[in-house]
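Undergrad: What follows is the file my_file35.txt, containing compact mmCIF, N, CA and C atoms:
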# COMPACT_ATOMS: atom_id res chain seq x y z
N MET A 518 120.92 -91.34 -45.62
CA MET A 518 121.21 -92.69 -45.20
C MET A 518 120.18 -93.19 -44.18
N ARG A 519 119.77 -92.31 -43.31
CA ARG A 519 118.82 -92.69 -42.28
C ARG A 519 117.47 -93.12 -42.88
N GLY A 520 117.06 -92.45 -43.98
CA GLY A 520 115.83 -92.80 -44.66
C GLY A 520 115.87 -94.20 -45.24
N MET A 521 117.02 -94.61 -45.75
CA MET A 521 117.17 -95.96 -46.31
C MET A 521 117.04 -97.01 -45.21
N ALA A 522 117.62 -96.75 -44.07
CA ALA A 522 117.54 -97.70 -42.95
C ALA A 522 116.10 -97.84 -42.49
N ALA A 523 115.40 -96.72 -42.41
CA ALA A 523 113.99 -96.76 -42.01
C ALA A 523 113.17 -97.53 -43.04
N ARG A 524 113.42 -97.30 -44.32
CA ARG A 524 112.68 -97.99 -45.38
C ARG A 524 112.91 -99.50 -45.32
N LYS A 525 114.16 -99.90 -45.08
CA LYS A 525 114.48 -101.33 -44.97
C LYS A 525 113.76 -101.95 -43.78
N LYS A 526 113.72 -101.23 -42.67
CA LYS A 526 113.05 -101.74 -41.47
C LYS A 526 111.54 -101.87 -41.72
N ILE A 527 110.96 -100.87 -42.37
CA ILE A 527 109.53 -100.90 -42.67
C ILE A 527 109.21 -102.04 -43.65
N ASP A 528 110.04 -102.19 -44.68
CA ASP A 528 109.85 -103.30 -45.63
C ASP A 528 109.94 -104.64 -44.92
N SER A 529 110.89 -104.76 -44.02
CA SER A 529 111.07 -106.00 -43.26
C SER A 529 109.82 -106.30 -42.40
N LEU A 530 109.33 -105.28 -41.74
CA LEU A 530 108.12 -105.47 -40.93
C LEU A 530 106.92 -105.83 -41.79
N ALA A 531 106.80 -105.21 -42.95
CA ALA A 531 105.69 -105.51 -43.87
C ALA A 531 105.76 -106.98 -44.30
N ARG A 532 106.95 -107.46 -44.65
CA ARG A 532 107.11 -108.86 -45.05
C ARG A 532 106.82 -109.81 -43.88
N GLU A 533 107.20 -109.40 -42.70
CA GLU A 533 106.91 -110.20 -41.51
C GLU A 533 105.40 -110.34 -41.29
N LEU A 534 104.67 -109.33 -41.73
CA LEU A 534 103.20 -109.36 -41.64
C LEU A 534 102.56 -110.00 -42.87
N ASP A 535 103.37 -110.65 -43.67
CA ASP A 535 102.94 -111.38 -44.88
C ASP A 535 102.52 -110.49 -46.03
N PHE A 536 103.07 -109.29 -46.10
CA PHE A 536 102.89 -108.43 -47.26
C PHE A 536 104.17 -108.50 -48.09
N ARG A 537 104.03 -108.34 -49.41
CA ARG A 537 105.22 -108.36 -50.28
C ARG A 537 106.15 -107.20 -49.96
N ASP A 538 105.52 -106.03 -49.74
CA ASP A 538 106.29 -104.81 -49.49
C ASP A 538 105.39 -103.76 -48.88
N VAL A 539 105.95 -102.60 -48.63
CA VAL A 539 105.19 -101.51 -48.03
C VAL A 539 104.04 -101.06 -48.93
N ASN A 540 104.27 -101.06 -50.23
CA ASN A 540 103.20 -100.65 -51.15
C ASN A 540 101.97 -101.54 -51.02
N GLU A 541 102.18 -102.84 -50.91
CA GLU A 541 101.05 -103.76 -50.74
C GLU A 541 100.36 -103.51 -49.39
N LEU A 542 101.14 -103.25 -48.37
CA LEU A 542 100.59 -102.94 -47.05
C LEU A 542 99.73 -101.68 -47.11
N VAL A 543 100.22 -100.65 -47.78
CA VAL A 543 99.48 -99.39 -47.89
C VAL A 543 98.19 -99.61 -48.68
N ARG A 544 98.27 -100.32 -49.81
CA ARG A 544 97.07 -100.60 -50.61
C ARG A 544 96.04 -101.35 -49.79
N ASP A 545 96.49 -102.39 -49.07
CA ASP A 545 95.58 -103.19 -48.26
C ASP A 545 94.94 -102.34 -47.16
N SER A 546 95.75 -101.50 -46.55
CA SER A 546 95.24 -100.62 -45.49
C SER A 546 94.20 -99.64 -46.03
N LEU A 547 94.46 -99.10 -47.21
CA LEU A 547 93.49 -98.18 -47.82
C LEU A 547 92.18 -98.88 -48.13
N VAL A 548 92.26 -100.06 -48.72
CA VAL A 548 91.04 -100.81 -49.03
C VAL A 548 90.27 -101.12 -47.75
N ASN A 549 90.98 -101.54 -46.71
CA ASN A 549 90.32 -101.85 -45.44
C ASN A 549 89.65 -100.62 -44.82
N GLU A 550 90.33 -99.50 -44.84
CA GLU A 550 89.78 -98.28 -44.24
C GLU A 550 88.55 -97.81 -45.03
N ILE A 551 88.65 -97.84 -46.34
CA ILE A 551 87.50 -97.43 -47.16
C ILE A 551 86.34 -98.38 -46.94
N SER A 552 86.62 -99.67 -46.89
CA SER A 552 85.56 -100.67 -46.65
C SER A 552 84.89 -100.45 -45.30
N PHE A 553 85.68 -100.11 -44.29
CA PHE A 553 85.13 -99.81 -42.97
C PHE A 553 84.18 -98.62 -43.03
N ARG A 554 84.61 -97.57 -43.73
CA ARG A 554 83.76 -96.38 -43.84
C ARG A 554 82.48 -96.69 -44.61
N LEU A 555 82.60 -97.48 -45.66
CA LEU A 555 81.40 -97.87 -46.41
C LEU A 555 80.43 -98.65 -45.53
N ALA A 556 80.95 -99.55 -44.74
CA ALA A 556 80.10 -100.34 -43.84
C ALA A 556 79.41 -99.44 -42.82
N LYS A 557 80.13 -98.48 -42.31
CA LYS A 557 79.56 -97.55 -41.33
C LYS A 557 78.42 -96.73 -41.94
N PHE A 558 78.66 -96.16 -43.12
CA PHE A 558 77.61 -95.38 -43.79
C PHE A 558 76.44 -96.27 -44.19
N SER A 559 76.73 -97.46 -44.69
CA SER A 559 75.66 -98.39 -45.09
C SER A 559 74.81 -98.79 -43.89
N GLY A 560 75.45 -98.99 -42.76
CA GLY A 560 74.72 -99.33 -41.54
C GLY A 560 73.77 -98.22 -41.11
N GLU A 561 74.23 -96.99 -41.21
CA GLU A 561 73.38 -95.84 -40.85
C GLU A 561 72.20 -95.73 -41.81
N ILE A 562 72.46 -95.94 -43.09
CA ILE A 562 71.37 -95.90 -44.08
C ILE A 562 70.36 -97.00 -43.79
N ALA A 563 70.84 -98.21 -43.53
CA ALA A 563 69.95 -99.33 -43.24
C ALA A 563 69.12 -99.07 -41.98
N ARG A 564 69.74 -98.48 -40.97
CA ARG A 564 69.03 -98.18 -39.72
C ARG A 564 67.87 -97.21 -39.99
N LEU A 565 68.16 -96.18 -40.78
CA LEU A 565 67.12 -95.18 -41.05
C LEU A 565 66.05 -95.73 -41.99
N GLU A 566 66.42 -96.56 -42.94
CA GLU A 566 65.43 -97.19 -43.82
C GLU A 566 64.50 -98.08 -43.00
N LYS A 567 65.06 -98.79 -42.04
CA LYS A 567 64.24 -99.64 -41.18
C LYS A 567 63.34 -98.80 -40.28
N LYS A 568 63.89 -97.74 -39.71
CA LYS A 568 63.13 -96.88 -38.81
C LYS A 568 61.91 -96.28 -39.50
N TYR A 569 62.09 -95.84 -40.75
CA TYR A 569 61.00 -95.15 -41.45
C TYR A 569 60.31 -96.01 -42.50
N GLY A 570 60.83 -97.20 -42.76
CA GLY A 570 60.20 -98.11 -43.70
C GLY A 570 60.22 -97.62 -45.14
N LYS A 571 61.23 -96.85 -45.49
CA LYS A 571 61.33 -96.33 -46.86
C LYS A 571 62.75 -95.91 -47.17
N LYS A 572 62.99 -95.63 -48.44
CA LYS A 572 64.29 -95.12 -48.90
C LYS A 572 64.35 -93.62 -48.66
N LEU A 573 65.53 -93.06 -48.81
CA LEU A 573 65.75 -91.63 -48.56
C LEU A 573 64.85 -90.75 -49.42
N ALA A 574 64.72 -91.06 -50.70
CA ALA A 574 63.91 -90.21 -51.59
C ALA A 574 62.46 -90.13 -51.11
N GLY A 575 61.89 -91.25 -50.71
CA GLY A 575 60.52 -91.26 -50.20
C GLY A 575 60.40 -90.48 -48.90
N PHE A 576 61.39 -90.63 -48.04
CA PHE A 576 61.37 -89.90 -46.78
C PHE A 576 61.45 -88.39 -47.02
N LYS A 577 62.29 -87.97 -47.98
CA LYS A 577 62.42 -86.54 -48.28
C LYS A 577 61.11 -85.97 -48.80
N ARG A 578 60.43 -86.71 -49.67
CA ARG A 578 59.14 -86.24 -50.18
C ARG A 578 58.14 -86.09 -49.03
N GLU A 579 58.09 -87.09 -48.18
CA GLU A 579 57.16 -87.07 -47.05
C GLU A 579 57.52 -85.95 -46.08
N TYR A 580 58.80 -85.79 -45.79
CA TYR A 580 59.23 -84.76 -44.85
C TYR A 580 58.88 -83.37 -45.37
N GLY A 581 59.08 -83.14 -46.67
CA GLY A 581 58.82 -81.83 -47.26
C GLY A 581 57.36 -81.43 -47.24
N SER A 582 56.48 -82.40 -47.12
CA SER A 582 55.06 -82.07 -47.15
C SER A 582 54.43 -82.04 -45.75
N GLY A 583 55.22 -82.28 -44.73
CA GLY A 583 54.68 -82.32 -43.37
C GLY A 583 55.08 -81.12 -42.53
N LYS A 584 54.64 -81.14 -41.28
CA LYS A 584 55.01 -80.06 -40.36
C LYS A 584 56.43 -80.29 -39.85
N GLU A 585 57.01 -79.24 -39.30
CA GLU A 585 58.39 -79.31 -38.83
C GLU A 585 58.50 -80.27 -37.65
N ASP A 586 59.53 -81.10 -37.72
CA ASP A 586 59.77 -82.11 -36.69
C ASP A 586 61.29 -82.22 -36.55
N PHE A 587 61.82 -81.80 -35.41
CA PHE A 587 63.26 -81.73 -35.24
C PHE A 587 63.94 -83.10 -35.28
N GLU A 588 63.31 -84.12 -34.72
CA GLU A 588 63.90 -85.46 -34.77
C GLU A 588 63.99 -85.94 -36.22
N ARG A 589 62.91 -85.76 -36.96
CA ARG A 589 62.90 -86.18 -38.37
C ARG A 589 63.89 -85.35 -39.19
N TYR A 590 64.02 -84.08 -38.86
CA TYR A 590 64.99 -83.24 -39.57
C TYR A 590 66.41 -83.73 -39.30
N ASP A 591 66.71 -84.02 -38.03
CA ASP A 591 68.03 -84.55 -37.69
C ASP A 591 68.30 -85.86 -38.43
N ASP A 592 67.29 -86.73 -38.48
CA ASP A 592 67.45 -87.99 -39.21
C ASP A 592 67.66 -87.75 -40.70
N LEU A 593 66.95 -86.79 -41.25
CA LEU A 593 67.11 -86.45 -42.66
C LEU A 593 68.54 -86.00 -42.94
N MET A 594 69.07 -85.13 -42.08
CA MET A 594 70.44 -84.65 -42.26
C MET A 594 71.44 -85.80 -42.14
N ALA A 595 71.26 -86.66 -41.15
CA ALA A 595 72.15 -87.80 -40.96
C ALA A 595 72.06 -88.76 -42.15
N TRP A 596 70.86 -88.96 -42.65
CA TRP A 596 70.62 -89.87 -43.76
C TRP A 596 71.29 -89.35 -45.03
N GLU A 597 71.11 -88.06 -45.29
CA GLU A 597 71.74 -87.46 -46.47
C GLU A 597 73.26 -87.51 -46.35
N PHE A 598 73.78 -87.23 -45.17
CA PHE A 598 75.22 -87.29 -44.96
C PHE A 598 75.73 -88.72 -45.19
N ALA A 599 75.02 -89.70 -44.66
CA ALA A 599 75.43 -91.09 -44.83
C ALA A 599 75.38 -91.49 -46.31
N GLN A 600 74.35 -91.06 -47.01
CA GLN A 600 74.24 -91.39 -48.43
C GLN A 600 75.37 -90.74 -49.24
N GLN A 601 75.66 -89.49 -48.93
CA GLN A 601 76.75 -88.80 -49.62
C GLN A 601 78.11 -89.45 -49.30
N GLY A 602 78.30 -89.80 -48.04
CA GLY A 602 79.54 -90.46 -47.63
C GLY A 602 79.70 -91.80 -48.31
N LYS A 603 78.62 -92.57 -48.35
CA LYS A 603 78.67 -93.88 -49.01
C LYS A 603 79.00 -93.72 -50.49
N SER A 604 78.35 -92.80 -51.16
CA SER A 604 78.61 -92.57 -52.58
C SER A 604 80.06 -92.15 -52.82
N HIS A 605 80.54 -91.25 -51.97
CA HIS A 605 81.92 -90.77 -52.10
C HIS A 605 82.91 -91.92 -51.98
N TRP A 606 82.76 -92.75 -50.95
CA TRP A 606 83.73 -93.81 -50.71
C TRP A 606 83.57 -94.96 -51.69
N GLU A 607 82.38 -95.17 -52.21
CA GLU A 607 82.23 -96.17 -53.28
C GLU A 607 83.02 -95.73 -54.51
N LYS A 608 82.92 -94.45 -54.83
CA LYS A 608 83.66 -93.90 -55.96
C LYS A 608 85.17 -94.03 -55.73
N ARG A 609 85.61 -93.65 -54.56
CA ARG A 609 87.04 -93.70 -54.24
C ARG A 609 87.57 -95.14 -54.26
N LEU A 610 86.78 -96.10 -53.77
CA LEU A 610 87.18 -97.50 -53.80
C LEU A 610 87.30 -97.98 -55.24
N GLY A 611 86.35 -97.59 -56.08
CA GLY A 611 86.41 -97.94 -57.49
C GLY A 611 87.67 -97.39 -58.14
N GLU A 612 88.01 -96.15 -57.82
CA GLU A 612 89.23 -95.54 -58.36
C GLU A 612 90.47 -96.30 -57.90
N LEU A 613 90.49 -96.66 -56.63
CA LEU A 613 91.64 -97.38 -56.07
C LEU A 613 91.78 -98.74 -56.75
N LYS A 614 90.68 -99.44 -56.92
CA LYS A 614 90.74 -100.77 -57.54
C LYS A 614 91.19 -100.69 -59.00
N ARG A 615 90.84 -99.61 -59.68
CA ARG A 615 91.28 -99.47 -61.07
C ARG A 615 92.79 -99.27 -61.18
N VAL A 616 93.40 -98.68 -60.18
CA VAL A 616 94.85 -98.46 -60.25
C VAL A 616 95.66 -99.58 -59.61
N LEU A 617 95.00 -100.48 -58.95
CA LEU A 617 95.74 -101.58 -58.30
C LEU A 617 96.14 -102.59 -59.33
Please express the file's structure as structure tokens.
TA:
Amino acid sequence: MRGMAARKKIDSLARELDFRDVNELVRDSLVNEISFRLAKFSGEIARLEKKYGKKLAGFKREYGSGKEDFERYDDLMAWEFAQQGKSHWEKRLGELKRVL
């Protein structure tokens, strides 16, 4: 019985926030969170592309043929992580949109 009361209260709060129900609230929250993460990863990629004046693939080729540089290595790791994160969340957003 307690679960039903909680569900009614949550549904009521969701409607008060202009959502049809809790499911719509959850879907909207998921889309917003994924979009935030995509923006964060995209921003990091853009920062590194601007810093080095090239895309990740070009930077990797250049890095592999040069001497060791810890700052550039750290940037390479951050860039690869950002690219992987962006790809992951783009895929997940696509999956979410297909089921909505």
Undergrad: State, in Å with one decimal place, the distance from atom CA of Ala595 of chain A to atom CA of Ser546 of chain A.
TA: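 Separating atom CA of Ala595 of chain A from atom CA of Ser546 of chain A is a distance of 26.8 Å.
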Undergrad: Just the residues within 12 Å of Gln601 of chain A, please, counting only C-alpha atoms, with nothing from its chain fewer than 2 positions along; format it as a PyMOL selection string.
TA: chain A and resi 554-555+558-559+561-562+573+594-599+603-608
Undergrad: Find the distance between atom CA of Arg609 of chain A and atom CA of Leu542 of chain A and write it in Å to one decimal.
TA: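 Interatomic distance, atom CA of Arg609 of chain A to atom CA of Leu542 of chain A: 17.9 Å.
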Undergrad: What is the distance between atom CA of Gly611 of chain A and atom CA of Asp535 of chain A, in Å to one decimal?
TA: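 According to the coordinates, atom CA of Gly611 of chain A and atom CA of Asp535 of chain A are separated by 24.8 Å.
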